[in-house]
Structures are given as structure tokens and as C-alpha cells.
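A.B. asks: Pasting a structure below so you can have a look.
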Amino acid sequence: MTGAAMNDTLTKAAVLILLGPPGAGKGTQARMLEETFGLVQLSTGDLLRAAVAAGTEAGLAAKSVMEAGGLVSDEIVLAILKDRMAEPDTTRGVILDGFPRTPGQAEALDALLAEQGLAISAAISMEVDDAAMVARVSGRYTCAQCGEGYHDSFKQPAVAGCCDKCGGTAFKRRADDNAETVGARLTAYHASTAPLIAYYETRGVLRTVDGMGAIDAIAAELGAIVEQVTA
Ligand code: AMP
């Protein structure tokens with residue numbers, strides 16, 4: 001994080017939820033909000049992939065579900081999320097990326113936050129066209145060193161094979177970022193996660209942004225929401 005550029009206007013801990021199908025740009029925007037506001041991105045997908053790589057019991061149980069594009073059980077996801085939320089770097093606030101994904105997870109999150117005297121600042125729905133998501137997800141890859149995101153068609157490094165951000169030369173692709181699995185992930189999103197939009201609307205914390213616009217324009221819109229809900 002670049003300390004000098006960090007926006008220091010937050011007066012209370014922010015709990016932001018980014019909602020949207022795979023490819024909506026949740027991860028990209030969460031990373032930008034981390035840098036701007038000193039918040040911490042909590043991606044249950046990243047936490048689960050780390051558990052798979054480490055070969056933990058939770059990782060072993062999650063692996064095949066993730067490869068098929070299904071949803072990992074609430075029990076496993078909640079345990080992983082709870083552990084991560086307990087770490088001290090989260091006190092300024094968190095951006096939940098890919099969580100909650102089911103009504104059960106949303107209710108468990110409400111209970112977890114209430115225990116800590118916290119509440120959801122905003123649940124931001126990133127609205128996108130499903131049809132465009134398959135192309136977005138199928139071509140994406142990240143720097144193996146710093147995690148910066150790239151895309152075969154939409155965002156190549158300025159110097160081929162060299163990360164713009166850290167100069168790393170190794171890149172990786174997610175095993176589930178292929179056209180077949182993306183279809184299953186979109187189905188899971190519409191069946192289990194999209195209903196959360198109404199859940200948060202009822203609670204008065206829902207915001208929507210157009211996720212089909214330019215990355216910087218969306219970041220500016222999200223930044224304005226964060227400033228507003230944490231003032
Ligand atoms: P993501 O990185 O958010 O696209 O998540 C990748 C995969 O991890 C998903 O397709 C699910 O299999 C699993 N996953 C991530 N977050 C959750 C969650 N909150 N609930 C259930 N499964 C999840």
C-alpha cells in the first residue's frame with residue numbers, strides 16, 4: 001500500500017460487501033479499495049484456494065466442489081471467514097469479496113458482526129451482463145507474485161510477460177476460469193447469491209453500480225460510496 005496516497009477520512013470501521021457474478025470485477029475493485037482506504041479485502045475464494053493449496057481438511061473437502069463451479073458448504077466457508085475476520089489487520093474495515101453467497105451466510109454474517117458491535121456499511125451490487133462474463137473470466141490471469149489481474153483481450157501488461165505493478169514474470173490462471181465451469185458458477189450465483197440483493201435492499205444498505213463501465217470510473221463510484229457510508 002502507498003501510505004501517501006491513502007484516503008484517511010474514514011471515521012468508523014467499514015464493512016463492505018461486493019455482490020456480483022464471477023467476472024463482475026469484485027476482486028479488481030476490492031484491491032483498489034484496499035489501496036485507497038486501507039481496508040482489507042476478504043475473498044473467501046482466495047481463502048479457499050489457499051486451503052486447497054495447503055491441503056487442509058477444509059481444502060480437501062472444498063476442492064472438487066470448486067472445480068465443478070458449485071458452492072462450498074456454509075459450514076466450511078463460515079469457519080474460514082471467521083478465522084480471517086479475527087486477525088488484527090481487519091480493524092479499519094473489510095471488503096467482503098465473494099461472501100456472503102447464500103442466505104445462510106448472510107444471516108451468519110449479521111450475527112458475527114453484531115457480536116463485534118459492527119454493522120454492514122453497504123452491500124454493493126455490481127450489475128453486469130451475464131453473456132459478457134464468460135469472455136471476461138475465460139481470459140483472465142494474475143501475476144503470481146503480487147496478484148495484479150490481467151486479461152488476454154482486455155488488459156495485457158505494458159511489457160509482455162512482465163507485471164506492470166511488481167515486475168514479476170510468472171503468471172497464473174485459476175483452474176475454474178474456463179467456459180464450462182463459468183456456466184456452473186453463473187448458475188450458482190443466480191440460484192443462491194442474487195436473492196441477497198433483495199435481502200440487503202430490505203435492510204436499507206443496498207447500493208448498485210454499473211459494472212460494465214471502465215475500471216477507473218467504477219472505482220471512483222465505489223470510493224464515493226465508501227466515503228459516504230463511513231463519514
Ligand atoms: P471466487 O474466487 O469468489 O470466484 O470463488 C471460487 C469458488 O470458491 C466458487 O466457485 C466456490 O466454489 C467457492 N466459494 C468462494 N466463496 C464462497 C462462498 N462464500 N460460499 C461458497 N462457496 C464459495
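Ordering of the C-alpha cells sets the chain letters (A, B, ...), residue numbers begin anew at 1 in every chain, and ligands are numbered from 1 in the order given.
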Please report as a tab-separated table every residue of chain A lying within 8 Å of ligand 1, along with the nearest atom pair and their distance in Å (one decimal), using only C-alpha atoms and all ligand atoms.
C.D. replies:
residue	atom	partner	partner_atom_place_in_ligand_line	distance
A:Pro22	CA	ligand 1	4 (O)	5.6
A:Ser43	CA	ligand 1	3 (O)	6.4
A:Thr44	CA	ligand 1	16 (N)	4.3
A:Gly45	CA	ligand 1	2 (O)	3.4
A:Asp46	CA	ligand 1	2 (O)	5.7
A:Leu48	CA	ligand 1	8 (O)	6.3
A:Arg49	CA	ligand 1	8 (O)	7.3
A:Ala62	CA	ligand 1	12 (O)	7.3
A:Val65	CA	ligand 1	12 (O)	5.6
A:Met66	CA	ligand 1	12 (O)	3.6
A:Glu67	CA	ligand 1	12 (O)	7.0
A:Ala68	CA	ligand 1	12 (O)	7.4
A:Gly69	CA	ligand 1	10 (O)	4.6
A:Gly70	CA	ligand 1	12 (O)	4.8
A:Leu71	CA	ligand 1	22 (N)	3.8
A:Val72	CA	ligand 1	22 (N)	3.9
A:Ser73	CA	ligand 1	21 (C)	5.9
A:Asp74	CA	ligand 1	20 (N)	6.1
A:Val77	CA	ligand 1	20 (N)	5.7
A:Leu78	CA	ligand 1	19 (N)	7.9
A:Asp97	CA	ligand 1	3 (O)	6.6
A:Gly98	CA	ligand 1	3 (O)	4.3
A:Phe99	CA	ligand 1	19 (N)	4.1
A:Pro100	CA	ligand 1	19 (N)	5.0
A:Arg101	CA	ligand 1	19 (N)	4.6
A:Thr102	CA	ligand 1	20 (N)	6.9
A:Gln105	CA	ligand 1	19 (N)	7.2
A:Asp176	CA	ligand 1	10 (O)	7.4
A:Arg185	CA	ligand 1	10 (O)	5.6
A.B. asks: Got a sec: who's within 10 Å of Thr169 in chain A, counting only C-alpha atoms, leaving out chain neighbours fewer than 4 positions off, as a list in words?
C.D. replies: Cys143, Ala144, Gln145, Ala160, Gly161, Cys162, Cys163 and Asp164 of chain A
A.B. asks: What does the distance between CA of Gln116 in chain A and CA of Leu47 in chain A come to in Å, to one decimal place?
C.D. replies: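 Separation of CA of Gln116 in chain A and CA of Leu47 in chain A: 21.5 Å.
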A.B. asks: Going by DSSP on the backbone, which bits of range 20-143 of chain A are helix (DSSP H, G or I)? Write them as a PyMOL selection string, please.
C.D. replies: chain A and resi 26-37+44-54+57-68+74-85+88-90+103-115+130-138
A.B. asks: Just the selected residues (C-alpha atoms), exported as a CSV table (one decimal), in the first residue's frame, please.
C.D. replies:
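As written to disk, out10.csv reads:
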chain,number,residue,atom,x,y,z
A,26,LYS,CA,-15.2,-7.6,-7.5
A,27,GLY,CA,-11.6,-8.7,-6.9
A,28,THR,CA,-10.2,-5.8,-9.0
A,29,GLN,CA,-12.3,-3.2,-7.3
A,30,ALA,CA,-11.6,-4.7,-3.8
A,31,ARG,CA,-7.9,-4.4,-4.4
A,32,MET,CA,-8.3,-0.8,-5.5
A,33,LEU,CA,-10.4,0.0,-2.4
A,34,GLU,CA,-7.7,-1.7,-0.2
A,35,GLU,CA,-5.1,0.7,-1.6
A,36,THR,CA,-7.3,3.8,-1.4
A,37,PHE,CA,-8.8,3.3,2.0
A,44,THR,CA,-13.5,-16.4,0.5
A,45,GLY,CA,-12.4,-17.7,-2.9
A,46,ASP,CA,-8.8,-16.8,-2.2
A,47,LEU,CA,-9.0,-18.2,1.4
A,48,LEU,CA,-10.4,-21.5,0.0
A,49,ARG,CA,-7.8,-21.7,-2.7
A,50,ALA,CA,-5.1,-21.2,0.0
A,51,ALA,CA,-6.7,-24.0,2.0
A,52,VAL,CA,-6.8,-26.3,-1.1
A,53,ALA,CA,-3.1,-25.5,-1.8
A,54,ALA,CA,-2.2,-26.2,1.9
A,57,GLU,CA,-9.1,-30.7,5.8
A,58,ALA,CA,-11.4,-27.8,4.7
A,59,GLY,CA,-9.3,-27.5,1.5
A,60,LEU,CA,-9.7,-31.2,0.7
A,61,ALA,CA,-13.4,-31.0,1.2
A,62,ALA,CA,-13.7,-27.9,-1.0
A,63,LYS,CA,-11.5,-28.8,-3.9
A,64,SER,CA,-13.9,-30.9,-6.1
A,65,VAL,CA,-16.8,-28.6,-5.4
A,66,MET,CA,-14.8,-25.6,-6.5
A,67,GLU,CA,-13.5,-27.4,-9.6
A,68,ALA,CA,-17.1,-28.1,-10.6
A,74,ASP,CA,-21.7,-22.8,4.5
A,75,GLU,CA,-20.0,-24.5,7.5
A,76,ILE,CA,-16.6,-24.6,5.8
A,77,VAL,CA,-16.8,-21.1,4.4
A,78,LEU,CA,-18.0,-19.6,7.7
A,79,ALA,CA,-15.2,-21.2,9.7
A,80,ILE,CA,-12.6,-19.9,7.3
A,81,LEU,CA,-14.2,-16.4,7.2
A,82,LYS,CA,-14.5,-16.2,11.0
A,83,ASP,CA,-10.8,-17.0,11.5
A,84,ARG,CA,-9.8,-14.4,9.0
A,85,MET,CA,-12.0,-11.7,10.5
A,88,PRO,CA,-5.9,-7.7,13.7
A,89,ASP,CA,-5.4,-6.1,10.3
A,90,THR,CA,-9.2,-6.0,9.8
A,103,PRO,CA,-29.0,-16.5,2.7
A,104,GLY,CA,-27.5,-18.7,5.4
A,105,GLN,CA,-24.1,-17.0,5.1
A,106,ALA,CA,-25.8,-13.6,5.1
A,107,GLU,CA,-27.6,-14.4,8.4
A,108,ALA,CA,-24.4,-15.8,9.9
A,109,LEU,CA,-22.6,-12.6,8.9
A,110,ASP,CA,-25.2,-10.4,10.6
A,111,ALA,CA,-24.7,-12.4,13.8
A,112,LEU,CA,-20.9,-12.3,13.6
A,113,LEU,CA,-20.9,-8.6,13.1
A,114,ALA,CA,-23.4,-8.0,15.9
A,115,GLU,CA,-21.2,-9.9,18.3
A,130,ASP,CA,-24.0,-12.5,-17.9
A,131,ALA,CA,-23.1,-13.0,-21.6
A,132,ALA,CA,-20.0,-10.8,-21.2
A,133,MET,CA,-18.9,-12.6,-18.1
A,134,VAL,CA,-17.8,-15.9,-19.8
A,135,ALA,CA,-15.3,-14.0,-22.0
A,136,ARG,CA,-14.1,-11.9,-19.1
A,137,VAL,CA,-13.5,-14.9,-16.9
A,138,SER,CA,-12.1,-17.2,-19.5
A.B. asks: Go through A:Phe171, A:Val209, A:Met126, A:Pro195 and flag the residue nearest Glu148 in chain A, using only C-alpha atoms for the distances.
C.D. replies: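 For Glu148 in chain A, the nearest of the given residues is A:Phe171.
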A.B. asks: Go through A:Leu19, A:Ala158, A:Ala170, A:Ala214 and flag the residue nearest Ile124 in chain A, using only C-alpha atoms for the distances.
C.D. replies: A:Leu19
A.B. asks: In terms of the shortest atom-to-atom distance over only C-alpha atoms, which of A:Gly167, A:Gly204, A:Gly183, A:Gly55 is closest to Ser121 in chain A?
C.D. replies: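 For Ser121 in chain A, the nearest of the candidates is A:Gly204.
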A.B. asks: Check the DSSP output for the backbone and give back, as a PyMOL selection string, the residues of range 28-159 of chain A in strand (DSSP E or B).
C.D. replies: chain A and resi 40-43+93-97+122-127+140-143+149-151+155+159
A.B. asks: Suppose you want the space between CA of Val205 in chain A and CA of Ile120 in chain A; what is it in Å?
C.D. replies: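 About the pair CA of Val205 in chain A and CA of Ile120 in chain A: they are 7.2 Å apart.
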A.B. asks: If I take CA of Ser125 in chain A and CA of Leu18 in chain A, how far is one from the other in Å, to one decimal?
C.D. replies: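 According to the coordinates, CA of Ser125 in chain A and CA of Leu18 in chain A are separated by 6.2 Å.
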A.B. asks: Go through A:Val94, A:Ala24, A:Ala175, A:Leu16 and flag the residue nearest Leu222 in chain A, using only C-alpha atoms for the distances.
C.D. replies: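 Looking only at the distances to Leu222 in chain A, the closest residue turns out to be A:Leu16.
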A.B. asks: Could you name the residues that touch Asp152 in chain A at 9 Å or less, counting only C-alpha atoms, but leaving out those on the same chain fewer than 6 positions away, as a count of residues only?
C.D. replies: 4
A.B. asks: For a quick check of understanding, using only C-alpha atoms, which of A:Val15, A:Ile215, A:Ala191, A:Cys166 has the smallest distance to Phe154 in chain A?
C.D. replies: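 Smallest distance to Phe154 in chain A is found for A:Ile215.
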A.B. asks: With only C-alpha atoms as the atoms that count, which of A:Leu96, A:Val128, A:Ala14, A:Ala86 lies nearest to Met212 in chain A?
C.D. replies: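 Closest to Met212 in chain A of all the choices is A:Val128.
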